[in-house]
Structures are given as C-alpha cells and as structure tokens.
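File shown: work-v6.cif. Contents: mmCIF, C-alpha atoms.
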data_coords
#
loop_
_atom_site.label_atom_id
_atom_site.label_comp_id
_atom_site.auth_asym_id
_atom_site.auth_seq_id
_atom_site.Cartn_x
_atom_site.Cartn_y
_atom_site.Cartn_z
CA MET A 1 0.00 0.00 0.00
CA THR A 2 2.78 2.42 0.87
CA SER A 3 4.68 1.86 -2.39
CA VAL A 4 1.51 2.41 -4.45
CA GLU A 5 0.81 5.66 -2.62
CA GLU A 6 4.37 6.84 -3.16
CA GLU A 7 4.11 6.17 -6.93
CA ARG A 8 0.81 8.03 -7.23
CA PRO A 9 1.54 11.32 -9.04
CA ARG A 10 0.83 14.64 -7.39
CA ALA A 11 -1.26 17.32 -9.06
CA LEU A 12 0.37 20.51 -10.30
CA LEU A 13 0.94 23.05 -7.49
CA ALA A 14 -0.11 20.44 -4.92
CA GLY A 15 2.64 21.62 -2.59
CA ALA A 16 1.35 25.20 -2.41
CA SER A 17 0.43 26.49 1.02
CA ARG A 18 -2.80 28.18 -0.06
CA ARG A 19 -5.81 26.10 -1.01
CA TRP A 20 -6.88 28.28 -3.94
CA VAL A 21 -3.43 27.88 -5.52
CA ARG A 22 -3.69 24.08 -5.23
CA LEU A 23 -7.11 24.18 -6.89
CA LEU A 24 -6.04 26.62 -9.62
CA PRO A 25 -4.73 23.97 -12.12
CA TRP A 26 -7.95 21.99 -11.80
CA GLY A 27 -10.01 25.12 -12.35
CA VAL A 28 -8.05 26.18 -15.43
CA ALA A 29 -8.20 22.67 -16.91
CA PHE A 30 -11.94 22.44 -16.28
CA VAL A 31 -12.62 25.83 -17.87
CA LEU A 32 -10.52 24.96 -20.92
CA CYS A 33 -12.20 21.60 -21.30
CA VAL A 34 -15.73 22.97 -20.97
CA ALA A 35 -15.01 25.92 -23.28
CA LEU A 36 -13.03 24.10 -25.97
CA LEU A 37 -15.20 20.99 -26.31
CA PRO A 38 -18.31 22.65 -27.82
CA THR A 39 -16.23 25.32 -29.54
CA THR A 40 -14.15 22.72 -31.38
CA ILE A 41 -17.23 20.84 -32.53
CA GLN A 42 -18.90 24.04 -33.73
CA VAL A 43 -15.84 25.38 -35.58
CA LEU A 44 -14.92 22.07 -37.24
CA THR A 45 -18.47 21.45 -38.46
CA ALA A 46 -19.71 24.95 -39.28
CA ASP A 47 -16.52 26.66 -40.51
CA TYR A 48 -14.43 23.81 -41.86
CA GLY A 49 -17.33 21.59 -42.97
CA LEU A 50 -16.11 18.45 -41.20
CA ASN A 51 -18.49 15.59 -40.42
CA GLY A 52 -20.23 16.04 -37.06
CA GLY A 53 -19.27 12.62 -35.70
CA VAL A 54 -15.61 13.04 -36.64
CA ALA A 55 -15.59 16.56 -35.25
CA SER A 56 -17.09 15.37 -31.96
CA ALA A 57 -14.52 12.58 -31.62
CA LEU A 58 -11.68 14.97 -32.33
CA ALA A 59 -13.06 17.54 -29.88
CA VAL A 60 -13.24 14.98 -27.08
CA ALA A 61 -9.73 13.68 -27.80
CA GLN A 62 -8.29 17.21 -27.93
CA ALA A 63 -10.08 18.76 -24.91
CA ALA A 64 -10.89 16.03 -22.36
CA PRO A 65 -7.23 15.02 -21.70
CA LEU A 66 -6.58 18.55 -20.37
CA LEU A 67 -8.03 17.33 -17.07
CA LEU A 68 -5.49 14.48 -17.08
CA ALA A 69 -2.73 17.05 -17.70
CA VAL A 70 -3.11 18.33 -14.12
CA VAL A 71 -1.74 15.02 -12.83
CA ARG A 72 0.01 13.37 -15.81
CA PRO A 73 0.74 16.06 -18.42
CA LEU A 74 3.03 13.87 -20.54
CA ARG A 75 0.37 11.17 -20.99
CA ALA A 76 -2.16 13.86 -21.85
CA TRP A 77 0.27 15.21 -24.44
CA TYR A 78 0.46 11.84 -26.18
CA VAL A 79 -3.33 11.81 -26.65
CA ILE A 80 -3.75 15.47 -27.60
CA PHE A 81 -0.75 15.51 -29.96
CA VAL A 82 -2.03 12.49 -31.88
CA ALA A 83 -5.55 13.97 -31.94
CA ASP A 84 -4.26 17.31 -33.27
CA VAL A 85 -2.28 15.63 -36.05
CA ALA A 86 -5.26 13.40 -36.86
CA GLY A 87 -7.49 16.47 -36.98
CA ALA A 88 -5.12 18.19 -39.41
CA LEU A 89 -5.20 15.14 -41.68
CA ALA A 90 -8.98 14.92 -41.39
CA LEU A 91 -9.31 18.52 -42.57
CA LEU A 92 -7.51 17.56 -45.78
CA THR A 93 -10.63 15.54 -46.74
CA VAL A 94 -12.87 18.62 -46.83
CA ASP A 95 -12.77 21.84 -48.81
CA PHE A 96 -12.47 24.84 -46.46
CA GLU A 97 -11.74 28.49 -47.11
CA GLU A 98 -8.16 29.67 -47.46
CA ARG A 99 -8.62 32.24 -44.69
CA LEU A 100 -9.09 29.49 -42.09
CA LEU A 101 -6.04 28.42 -40.14
CA TRP A 102 -4.48 25.03 -40.94
CA PRO A 103 -3.10 22.52 -39.82
CA PHE A 104 -4.17 23.50 -36.31
CA PRO A 105 -7.30 25.64 -35.82
CA PRO A 106 -7.25 28.36 -33.09
CA MET A 107 -9.09 26.32 -30.43
CA GLU A 108 -6.54 23.51 -30.81
CA ILE A 109 -3.71 26.00 -30.36
CA VAL A 110 -5.32 27.36 -27.17
CA GLY A 111 -5.65 23.85 -25.71
CA TYR A 112 -2.12 22.92 -26.76
CA VAL A 113 -0.65 26.05 -25.12
CA GLY A 114 -2.43 25.13 -21.88
CA LEU A 115 -1.00 21.63 -22.15
CA CYS A 116 2.51 23.02 -22.74
CA LEU A 117 2.13 25.11 -19.58
CA ALA A 118 1.41 21.95 -17.58
CA LEU A 119 4.33 20.15 -19.22
CA GLY A 120 6.75 22.97 -18.44
CA LEU A 121 5.74 22.99 -14.78
CA ARG A 122 6.26 19.24 -14.38
CA GLU A 123 8.65 17.64 -16.88
CA PRO A 124 12.47 17.94 -17.11
CA ARG A 125 14.28 19.91 -19.78
CA ARG A 126 15.08 16.89 -21.95
CA THR A 127 11.42 15.90 -22.16
CA LEU A 128 10.36 19.45 -22.98
CA LEU A 129 12.92 19.63 -25.78
CA LEU A 130 11.65 16.35 -27.26
CA VAL A 131 8.05 17.58 -27.04
CA TRP A 132 8.91 20.78 -28.89
CA LEU A 133 10.90 18.91 -31.54
CA ALA A 134 7.97 16.55 -32.08
CA THR A 135 5.62 19.52 -32.40
CA ALA A 136 7.91 21.33 -34.82
CA GLY A 137 8.50 18.15 -36.84
CA ALA A 138 4.78 17.46 -37.18
CA ASN A 139 4.14 21.09 -38.08
CA VAL A 140 6.83 21.13 -40.77
CA GLY A 141 5.81 17.72 -42.11
CA LEU A 142 2.17 18.73 -42.47
CA GLY A 143 3.33 21.86 -44.27
CA PHE A 144 4.34 19.76 -47.27
CA VAL A 145 0.71 18.74 -47.80
CA ALA A 146 -0.87 22.11 -47.01
CA PRO A 147 -3.93 22.62 -49.25
CA HIS A 148 -3.40 26.38 -49.62
CA GLY A 149 0.37 26.65 -49.24
CA THR A 150 2.42 27.43 -46.16
CA THR A 151 2.56 30.76 -44.32
CA ALA A 152 4.00 32.07 -41.08
CA MET A 153 0.67 31.27 -39.39
CA THR A 154 1.21 27.61 -40.19
CA LEU A 155 3.97 27.46 -37.57
CA LEU A 156 1.94 29.35 -34.94
CA MET A 157 1.45 26.35 -32.65
CA THR A 158 5.15 25.49 -32.78
CA ILE A 159 6.14 29.03 -31.86
CA LEU A 160 3.56 29.51 -29.10
CA GLY A 161 4.16 26.03 -27.74
CA GLY A 162 7.92 26.59 -27.57
CA VAL A 163 7.56 29.95 -25.82
CA THR A 164 5.12 28.46 -23.31
CA LEU A 165 7.39 25.51 -22.57
CA LEU A 166 10.33 27.85 -22.05
CA LEU A 167 8.48 30.24 -19.72
CA ALA A 168 6.88 27.44 -17.69
CA ALA A 169 10.23 25.67 -17.28
CA ALA A 170 11.83 28.94 -16.15
CA LEU A 171 9.08 29.48 -13.59
CA ARG A 172 9.45 25.93 -12.29
CA GLU A 173 13.23 26.20 -11.95
CA ARG A 174 12.92 29.57 -10.22
CA TYR A 175 10.47 28.05 -7.74
CA GLU A 176 12.82 25.11 -7.14
CA VAL A 177 15.74 27.45 -6.48
CA GLN A 178 13.68 29.49 -4.02
CA ARG A 179 12.47 26.34 -2.28
CA ARG A 180 15.99 25.00 -1.89
CA LEU A 181 17.22 28.35 -0.60
CA ALA A 182 14.39 28.40 1.94
CA GLU A 183 15.26 24.86 3.05
CA GLN A 184 18.93 25.79 3.33
CA GLU A 185 18.08 28.90 5.35
CA THR A 186 15.96 26.78 7.68
CA ILE A 187 18.79 24.28 8.12
CA SER A 188 21.31 27.09 8.65
CA GLU A 189 19.07 28.76 11.22
CA ALA A 190 18.67 25.48 13.10
CA GLU A 191 22.44 24.98 13.03
CA ARG A 192 23.03 28.51 14.31
CA ASP A 193 20.55 27.97 17.14
CA ARG A 194 22.21 24.65 18.01
CA ARG A 195 25.69 26.20 17.91
CA THR A 196 24.53 29.11 20.06
CA LEU A 197 23.07 26.71 22.60
CA LEU A 198 26.24 24.60 22.70
CA GLU A 199 28.47 27.66 23.07
CA GLU A 200 26.36 28.99 25.90
CA ARG A 201 26.37 25.63 27.66
CA ALA A 202 30.14 25.47 27.31
CA ARG A 203 30.44 28.94 28.80
CA ILE A 204 28.20 27.98 31.72
CA ALA A 205 30.24 24.81 32.23
CA ARG A 206 33.47 26.84 32.38
CA GLU A 207 32.03 29.22 34.94
CA LEU A 208 30.56 26.46 37.07
CA HIS A 209 33.93 24.71 36.95
CA ASP A 210 35.56 27.71 38.59
CA VAL A 211 32.89 27.68 41.31
CA VAL A 212 33.13 23.94 41.97
CA ALA A 213 36.93 23.94 41.70
CA HIS A 214 37.11 26.46 44.54
CA HIS A 215 35.10 24.18 46.82
CA MET A 216 37.12 21.12 45.81
CA SER A 217 40.33 22.98 46.57
CA VAL A 218 39.03 23.92 50.02
CA ILE A 219 38.10 20.28 50.67
CA THR A 220 41.58 19.17 49.62
CA VAL A 221 43.33 21.71 51.85
CA GLN A 222 41.12 20.95 54.85
CA ALA A 223 41.60 17.22 54.47
CA ASP A 224 45.38 17.55 54.03
CA THR A 225 45.82 19.82 57.06
CA ALA A 226 43.40 18.03 59.38
CA GLU A 227 46.14 16.03 61.12
CA TYR A 228 48.02 19.25 61.86
CA ARG A 229 45.03 21.29 62.96
CA LEU A 230 43.30 18.62 65.06
CA ASP A 231 45.08 17.03 68.00
CA GLU A 232 45.28 13.32 68.67
CA LEU A 233 43.56 12.04 65.58
CA PRO A 234 43.15 8.25 65.55
CA PRO A 235 45.10 6.52 62.76
CA ASP A 236 41.93 5.38 61.00
CA VAL A 237 40.54 8.95 60.99
CA ARG A 238 43.88 10.31 59.71
CA GLU A 239 43.80 7.69 56.96
CA GLU A 240 40.23 8.70 56.10
CA PHE A 241 41.25 12.36 55.74
CA THR A 242 44.15 11.32 53.53
CA SER A 243 41.77 9.32 51.32
CA ILE A 244 39.37 12.28 51.09
CA ALA A 245 42.21 14.59 50.05
CA ALA A 246 43.43 12.15 47.40
CA THR A 247 39.92 11.69 46.00
CA ALA A 248 39.34 15.46 45.91
CA ARG A 249 42.65 16.04 44.07
CA GLU A 250 41.80 13.30 41.58
CA SER A 251 38.34 14.76 40.98
CA LEU A 252 39.82 18.22 40.55
CA GLY A 253 42.28 16.89 37.99
CA GLU A 254 39.51 15.16 36.07
CA MET A 255 37.53 18.39 36.01
CA ARG A 256 40.50 20.32 34.67
CA ARG A 257 41.05 17.74 31.92
CA LEU A 258 37.37 17.91 30.97
CA LEU A 259 37.44 21.69 30.97
CA GLY A 260 40.38 21.64 28.58
CA VAL A 261 37.96 20.46 25.89
CA LEU A 262 35.54 23.30 26.61
CA ARG A 263 37.75 26.27 27.44
CA ASN A 264 38.91 28.50 24.65
CA GLU A 265 42.66 29.05 24.61
CA GLU A 266 42.08 32.82 24.49
CA ALA A 267 39.67 32.83 27.47
CA HIS A 268 42.35 33.36 30.11
CA GLY A 269 40.27 35.97 31.89
CA GLU A 270 37.69 33.35 32.84
CA LEU A 271 40.14 31.88 35.33
CA ALA A 272 39.36 34.81 37.64
CA PRO A 273 36.88 34.29 40.51
CA GLN A 274 33.32 34.29 39.21
CA PRO A 275 31.01 37.16 40.25
CA GLY A 276 27.95 36.80 42.47
CA LEU A 277 25.22 38.87 44.10
CA THR A 278 27.71 41.27 45.69
CA ARG A 279 29.02 42.26 42.27
CA ILE A 280 25.61 43.23 40.85
CA GLY A 281 25.87 46.64 42.52
CA GLN A 282 29.14 47.33 40.69
CA LEU A 283 27.50 46.27 37.45
CA VAL A 284 24.63 48.70 38.02
CA GLU A 285 27.03 51.53 38.92
CA ALA A 286 28.93 51.00 35.68
CA THR A 287 25.68 51.17 33.74
CA VAL A 288 24.68 54.40 35.52
CA ARG A 289 28.06 55.93 34.65
CA ALA A 290 27.32 55.10 31.03
CA GLY A 291 24.29 57.43 31.20
CA MET A 292 21.51 54.94 31.95
CA PRO A 293 19.03 55.79 34.77
CA VAL A 294 18.97 52.57 36.82
CA GLU A 295 17.29 52.04 40.18
CA PHE A 296 18.77 49.14 42.16
CA THR A 297 17.37 47.17 45.08
CA PRO A 298 20.23 45.00 46.43
CA CYS A 299 20.12 41.75 48.33
CA ASP A 300 22.83 40.51 50.71
CA ALA A 301 21.40 37.03 51.17
CA ASP A 302 23.76 34.06 51.32
CA VAL A 303 22.96 31.99 48.22
CA PRO A 304 24.80 29.14 46.48
CA GLU A 305 27.62 30.41 44.27
CA ALA A 306 26.10 28.88 41.15
CA VAL A 307 22.84 30.72 41.78
CA GLY A 308 24.65 33.99 42.50
CA LEU A 309 26.66 33.63 39.30
CA SER A 310 23.52 32.96 37.24
CA ALA A 311 21.76 35.96 38.81
CA TYR A 312 24.73 38.20 37.98
CA ARG A 313 24.86 37.01 34.36
CA ILE A 314 21.12 37.53 33.89
CA VAL A 315 21.31 41.10 35.20
CA GLN A 316 24.39 41.70 33.04
CA GLU A 317 22.68 40.50 29.87
CA ALA A 318 19.42 42.32 30.65
CA LEU A 319 21.19 45.65 31.20
CA ALA A 320 23.23 45.13 28.03
CA ASN A 321 19.99 44.61 26.10
CA VAL A 322 18.56 47.82 27.53
CA VAL A 323 21.65 49.76 26.44
CA ARG A 324 21.51 48.22 22.96
CA HIS A 325 17.78 48.38 22.25
CA ALA A 326 16.33 51.07 24.57
CA PRO A 327 19.08 53.64 25.32
CA GLY A 328 18.12 56.09 28.04
CA ALA A 329 15.12 54.07 29.24
CA PRO A 330 14.48 54.15 33.02
CA THR A 331 15.36 50.74 34.42
CA ARG A 332 14.70 49.00 37.73
CA VAL A 333 16.87 46.13 38.98
CA SER A 334 15.67 44.17 41.98
CA VAL A 335 17.24 41.14 43.70
CA SER A 336 15.38 39.64 46.64
CA VAL A 337 14.73 36.35 48.42
CA SER A 338 11.24 34.84 48.44
CA GLU A 339 9.69 37.94 46.95
CA PRO A 340 6.55 36.81 45.06
CA LEU A 341 5.68 38.46 41.79
CA SER A 342 1.95 37.70 42.18
CA VAL A 343 -0.50 36.05 44.57
CA SER A 344 -0.13 32.68 42.88
CA ASP A 345 3.65 32.95 43.06
CA ALA A 346 3.42 33.69 46.78
CA GLU A 347 1.51 30.47 47.31
CA SER A 348 4.12 28.46 45.38
CA VAL A 349 6.93 30.05 47.40
CA ALA A 350 5.20 29.11 50.62
CA GLU A 351 4.91 25.54 49.45
CA ASP A 352 8.32 25.09 47.79
CA GLY A 353 10.55 27.15 50.08
CA ALA A 354 12.75 30.21 49.64
CA ARG A 355 13.59 31.45 46.18
CA LEU A 356 15.86 34.12 44.81
CA THR A 357 14.01 36.54 42.53
CA VAL A 358 15.87 38.62 39.95
CA LEU A 359 13.81 41.31 38.26
CA VAL A 360 14.97 43.73 35.54
CA VAL A 361 12.28 46.02 34.13
CA ASN A 362 12.86 48.91 31.76
CA GLY A 363 10.43 51.44 30.37
CA PRO A 364 10.31 52.83 26.85
CA PRO A 365 13.25 55.01 25.78
CA PRO A 366 12.77 58.79 25.97
CA GLU A 367 13.17 59.04 22.22
CA PRO A 368 12.54 55.97 20.08
CA PRO A 369 15.87 55.19 18.39
CA ALA A 370 16.09 54.87 14.64
CA GLY A 371 17.52 51.41 15.23
CA PRO A 372 19.39 49.41 17.87
CA LEU A 373 22.84 50.67 18.77
CA GLU A 374 24.24 47.26 17.96
CA VAL A 375 23.21 45.24 14.92
CA GLY A 376 24.03 41.69 13.93
CA GLY A 377 23.98 40.38 17.49
CA THR A 378 24.70 36.76 18.22
CA GLY A 379 21.36 36.05 19.87
CA HIS A 380 23.04 34.39 22.85
CA GLY A 381 21.26 36.54 25.46
CA LEU A 382 17.91 34.84 25.96
CA VAL A 383 19.44 31.44 25.20
CA GLY A 384 21.99 31.91 27.99
CA MET A 385 19.35 33.13 30.42
CA ARG A 386 17.11 30.14 29.81
CA GLU A 387 19.98 27.67 30.08
CA ARG A 388 21.21 29.11 33.37
CA VAL A 389 17.73 29.17 34.90
CA ARG A 390 16.95 25.65 33.66
CA LEU A 391 20.19 24.20 35.07
CA ALA A 392 19.41 25.79 38.44
CA GLY A 393 15.86 24.41 38.46
CA GLY A 394 14.26 27.87 38.31
CA THR A 395 11.83 29.70 36.05
CA LEU A 396 12.28 32.58 33.60
CA ASP A 397 9.69 35.05 32.36
CA VAL A 398 10.67 37.53 29.65
CA GLY A 399 8.59 39.66 27.35
CA PRO A 400 7.54 43.16 26.28
CA LEU A 401 5.32 45.40 28.41
CA PRO A 402 2.21 47.29 27.24
CA ASP A 403 3.95 50.66 27.62
CA GLY A 404 6.76 49.66 25.26
CA GLY A 405 9.22 48.50 27.90
CA PHE A 406 10.61 45.03 28.60
CA ARG A 407 10.63 42.72 31.62
CA VAL A 408 13.02 39.96 32.66
CA ALA A 409 12.08 37.95 35.75
CA ALA A 410 14.01 34.91 36.99
CA ARG A 411 13.48 32.83 40.11
CA PHE A 412 15.95 30.33 41.53
CA PRO A 413 15.26 27.75 44.24
CA LEU A 414 17.38 28.07 47.38
CA THR A 415 16.38 24.91 49.25
CA GLU A 416 17.63 21.38 48.83
CA LYS A 417 14.11 20.23 48.13
CA ASP A 418 13.90 22.49 45.08
CA PHE A 419 17.25 21.31 43.74
CA THR A 420 16.22 17.68 43.95
#

Please render this file's structure as structure tokens.
Amino acid sequence: MTSVEEERPRALLAGASRRWVRLLPWGVAFVLCVALLPTTIQVLTADYGLNGGVASALAVAQAAPLLLAVVRPLRAWYVIFVADVAGALALLTVDFEERLLWPFPPMEIVGYVGLCLALGLREPRRTLLLVWLATAGANVGLGFVAPHGTTAMTLLMTILGGVTLLLAAALRERYEVQRRLAEQETISEAERDRRTLLEERARIARELHDVVAHHMSVITVQADTAEYRLDELPPDVREEFTSIAATARESLGEMRRLLGVLRNEEAHGELAPQPGLTRIGQLVEATVRAGMPVEFTPCDADVPEAVGLSAYRIVQEALANVVRHAPGAPTRVSVSVSEPLSVSDAESVAEDGARLTVLVVNGPPPEPPAGPLEVGGTGHGLVGMRERVRLAGGTLDVGPLPDGGFRVAARFPLTEKDFT
C-alpha cells in the first residue's frame, strides 16, 4: 500500500500552502475543457465543414485530456498531440476556405498552449525539448501537404508552444531554487541555534567549573591539614582524611582535563573568581556611569555560588539589552529572596521554600531610536538566560510590556528540596 501511494503522481501546485493555488490547475483545466469541447465541434463542423461525428470525436480527444494534464501532463500530451495531427489530416478531406487556419485551428492551439504550460511545470528539460521537436517536426511535415500553401501562421502552434514551454520551465526552476534556498536557510538557522546553545552551555560549564573547583580545593586543603590542625587524631581517621584529600585532588584533575575540551585558549580571563550577588551593585554603577538611569534594590542574602553567578549574568545581559535596544530608558533592577511576583507565586513560594528573585524592568526610551545601537547580534542573550535558569531548576519570564518596555524575571530555588 505504501509503495503504491508513493508512486501516485501529485497534481500541479499540490505543494502550495494556499488552497486556492492548489485548486487553480484543476479550475483552469476544467474551464478549458468545458469551453473548448463545444467550440471545437462548432468550428470544425460549421466553418471547416467536417463531419459532425468526426468533429465530436476529435473535440473529445483534444479537450478532455486537459483534465489528465493536471496530474500526468506527458500522458495527456500523447493523446492530444495524436488527436491534433489526426485532426489536421482529417481537414484535408474537406474543402475549407483559405482564410481558415491550418493545420491547427485556433481552439486547438489554445488547448495545446495550456497543455505546454502543464508540461513545463512538471517535466524535465530533456522531455520538454523532445516535445517541442515533435511539435515542430509534425508542423513542418504537415506543411508539405498544405492545401493552400504554407505561411508564417502555419507554424503558430510550434512558436507559441515553444515559448510556453520555455516560460513554464523557467518558472518551475525559479520556484525550485527558491524552495531550496528556503530549506537551506531553515537548516542554517537550526544549526546557528544549536551552535549558540552549545556555546552557551560550554560557557556555563566553564564558569561552574571555577565555582566547583574552589570548593574542591578547600576540601583538599582541609583534608590535608586536618592532622596538623586537630590534636590526637586516631590513625583510621587520619587515613580517612588522607583518602578524602586524594579523592578530591583526583576529581579536581579530572575536572581540569574535561574543561580543557571546553575552554577556549584565548579565554584566560575566565580563570578569575566568578562574580555573584555582591558584584551586581558594581554592574549597576557602571551602567549608571554610562548614562543609563537605573534604580537598584540589592540583596545581601547568602545563596549558592552557582545561583549567584547565574543571577549576575542575567542582570548583566538584561542591562546590556537595555543599552543596545532602549538607550536612556528608566530601568529598575531588583534582587530579593522569596519575593513573590503575584499572589499565585506567593503560594508556590510558601509551598516550595525560599527562592531568589531577579527582576529587571525597563520602560520605553525617551526618544525611540532609529535602530538598535548594535546590529548583527549573536542572539546568545535569551538562550543563555534560559539555560542558566533551567540548570538551576528555576523559572524565567521575559517579554515586552504594554507601555513599550521590557521585563526579565528569573526565580531560583534556594532549598535542597527544590534542587532535587
């Protein structure tokens, strides 16, 4: 069943996003079929003097396959091409006026042009070339038996058919190029997002390494010096401290080897102690010195270093975004513990324990800038915020405000229950 469905041909423009575009080929084919069928019979019988039965058979063979052309234009061409040539030969059996077009009357040319349009939108170049050569060959061959001599109008179907095939093929190839470019842009955008996410995770890993490495170093020093700081340690306890120190050193070495894969050789500055809540005030002061009106509500709570580092980075990125996209906008930075943002949040805090809340809200700029001060950004900001909050088990809420400002709100759990 699957193989049969895969071999079933698709209608022309079946991949269009809009329904009316998908139905357009069927509508055009139906109109042509309905219009050309009686017209062909009338013209062949009344103007050319052909027998009514023969004219009807030719009209059906020349017009009805246009509906098939929506799905299988090449098969429809076989039928219509043979019917057109047969019609030209049938007209040689009657005596018609010299002013009438031969070998292909006007209604046959109209139907054939519509068929060429379907062929150009579906078939490859080689097939289109063979179709045109067959049309030109039949046209030239019939010219040798023309009852009233050959004129430029005799080759009208060959000329119009060739132009239609060329234009339709150009349209199809242009659409294919645009489709492939769109697919490539989608793939490139996904790759950029993935690369941005990986780079931000690597940066977070480097910073967390510095935090954890500090604690591991303290453990190592404490374990190594325990026998000197504590009097009369039993041998088994001294041996236990020695084992702890050795394990801590080994773990620290493994972390450094792992970090060697992540750390950029040029990122020597990241070896410095990582900032925390106490450094947010300095960050705000630097922003104020740059001409930004910032109101700061500090917090001196004792929080885990990883949480303090994440809070600092979020405030840093939020203030940088304000400077870039809303220069001069009044901004409020607030860091607090267990400060609910709404009634529902207060209930969750009461249930889940203490949380650190980081809030950065800016209003609209005094004068709307012509554009952001910095263009072509990397887009790491919101990605980094979300990654840091997710790794800490918290929540992040970012978005524009009704007055034209922007709000960044992050909450981090501070209890063991929340971390687990």

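Under the PyMOL selection byres ((chain A and resi 219) around 12), the matching residues in the shown file are A:Val212, A:Ala213, A:His214, A:His215, A:Met216, A:Ser217, A:Val218, A:Thr220, A:Val221, A:Gln222, A:Ala223, A:Asp224, A:Thr225, A:Ala226, A:Phe241, A:Thr242, A:Ser243, A:Ile244, A:Ala245, A:Ala246, A:Thr247, A:Ala248, A:Arg249, A:Ser251, A:Leu252.
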
Would you please work out which residue, of A:Val398, A:Val307, A:Ala202, A:Leu101, is nearest to Gly149 in chain A when using only C-alpha atoms?
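Using only C-alpha atoms, Gly149 in chain A sits closest to A:Leu101.
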
Translate the PyMOL selection byres ((chain A and resi 100) around 12) into a concrete residue list for this structure, as a list in words.
Val43, Leu44, Ala46, Asp47, Tyr48, Gly49, Leu91, Asp95, Phe96, Glu97, Glu98, Arg99, Leu101, Trp102, Pro103, Phe104, Pro105, Pro106, Pro147, His148, Thr151, Met153 and Thr154 of chain A

Quick one: residues within 10 Å of Cys33 in chain A, all atoms listed in the file, excluding same-chain residues fewer than 5 positions away - as a PDB file with C-alpha atoms, keeping the file's coordinate frame?
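Result file result-v2.pdb:
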ATOM      1  CA  GLY A  27     -10.010  25.120 -12.350  1.00  0.00           C
ATOM      2  CA  VAL A  28      -8.050  26.180 -15.430  1.00  0.00           C
ATOM      3  CA  PRO A  38     -18.310  22.650 -27.820  1.00  0.00           C
ATOM      4  CA  THR A  39     -16.230  25.320 -29.540  1.00  0.00           C
ATOM      5  CA  ALA A  59     -13.060  17.540 -29.880  1.00  0.00           C
ATOM      6  CA  VAL A  60     -13.240  14.980 -27.080  1.00  0.00           C
ATOM      7  CA  GLN A  62      -8.290  17.210 -27.930  1.00  0.00           C
ATOM      8  CA  ALA A  63     -10.080  18.760 -24.910  1.00  0.00           C
ATOM      9  CA  ALA A  64     -10.890  16.030 -22.360  1.00  0.00           C
ATOM     10  CA  PRO A  65      -7.230  15.020 -21.700  1.00  0.00           C
ATOM     11  CA  LEU A  66      -6.580  18.550 -20.370  1.00  0.00           C
ATOM     12  CA  LEU A  67      -8.030  17.330 -17.070  1.00  0.00           C
ATOM     13  CA  GLY A 111      -5.650  23.850 -25.710  1.00  0.00           C
TER      14      GLY A 111
END

Could you give me, as a ChimeraX atom specification, the residues within 8 Å of Arg172 in chain A, counting only C-alpha atoms and dropping anything in the same chain fewer than 4 positions from it?
/A:120-122,168,176

I would like the residues chosen by the PyMOL selection byres ((chain A and resi 275) around 10) on the shown file; could you give them as a list in words?
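Checked against the file, the PyMOL selection byres ((chain A and resi 275) around 10) matches Glu207, Val211, Ala272, Pro273, Gln274, Gly276, Leu277, Thr278, Arg279, Ile280, Glu305, Ala306, Gly308, Leu309, Ser310, Ala311, Tyr312 and Arg313 of chain A.
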
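For the set A:Ala118, A:Ala136, A:Pro73, A:Ile41, the residue with the smallest atom-to-atom gap to Leu24 in chain A is A:Ala118, counting only C-alpha atoms.
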
Separation of CA of Phe30 in chain A and CA of Gly114 in chain A, in Å?
11.4 Å

Using only C-alpha atoms, can you tell me which of A:Gly141, A:Gln178, A:Leu119, A:Ala326 comes closest to Thr164 in chain A?
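Distance minimum relative to Thr164 in chain A lands on A:Leu119.
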
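Among the candidates A:Val335, A:Leu12, A:Met157, A:Ala57, the one nearest to Ala83 in chain A when counting all atoms listed in the file is A:Ala57.
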
Provide the CA of Val360 in chain A to CA of Ala392 in chain A distance in Å, to one decimal place.
18.7 Å

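The two atoms in question, CA of Glu191 in chain A and CA of Leu382 in chain A, are spaced 16.9 Å apart.
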
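Take the candidates A:Gly87, A:Gly143, A:Gly162, A:Gly404 and check each one against Leu128 in chain A using all atoms listed in the file; the shortest distance goes to A:Gly162.
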
Using all atoms listed in the file, pick whichever of A:Val337, A:Ala329, A:Leu58, A:Leu359 has the shortest atom-to-atom distance to Pro413 in chain A.
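Nearest candidate to Pro413 in chain A out of A:Val337, A:Ala329, A:Leu58, A:Leu359: A:Val337.
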
So that all listed atoms of range 98-110 of chain A fit with 5 Å spare on each side, what axis-aligned box centre and edge lengths in Å, to one decimal, would you give as lines of an AutoDock Vina configuration file?
center_x = -6.1
center_y = 27.4
center_z = -37.3
size_x = 16.0
size_y = 19.7
size_z = 30.3

Around the point (26.0, 56.1, 28.7), in the coordinates given by the file, pick out the residues reaching within 12 Å, counting all atoms listed in the file, and return them as JSON, numbers by chain.
{"A": [284, 285, 286, 287, 288, 289, 290, 291, 292, 293, 294, 319, 320, 322, 323, 324, 326, 327, 328, 329, 373]}

Please provide as a tab-separated table (two decimals) with C-alpha atoms, in the frame of the given file all residues within 12 Å of Arg390 in chain A, with the sequence filter that same-chain residues fewer than 2 positions apart are discarded (counting only C-alpha atoms).
chain	number	residue	atom	x	y	z
A	201	ARG	CA	26.37	25.63	27.66
A	204	ILE	CA	28.20	27.98	31.72
A	307	VAL	CA	22.84	30.72	41.78
A	310	SER	CA	23.52	32.96	37.24
A	383	VAL	CA	19.44	31.44	25.20
A	384	GLY	CA	21.99	31.91	27.99
A	385	MET	CA	19.35	33.13	30.42
A	386	ARG	CA	17.11	30.14	29.81
A	387	GLU	CA	19.98	27.67	30.08
A	388	ARG	CA	21.21	29.11	33.37
A	392	ALA	CA	19.41	25.79	38.44
A	393	GLY	CA	15.86	24.41	38.46
A	394	GLY	CA	14.26	27.87	38.31
A	395	THR	CA	11.83	29.70	36.05
A	396	LEU	CA	12.28	32.58	33.60
A	397	ASP	CA	9.69	35.05	32.36
A	410	ALA	CA	14.01	34.91	36.99
A	411	ARG	CA	13.48	32.83	40.11
A	412	PHE	CA	15.95	30.33	41.53
A	413	PRO	CA	15.26	27.75	44.24
A	419	PHE	CA	17.25	21.31	43.74
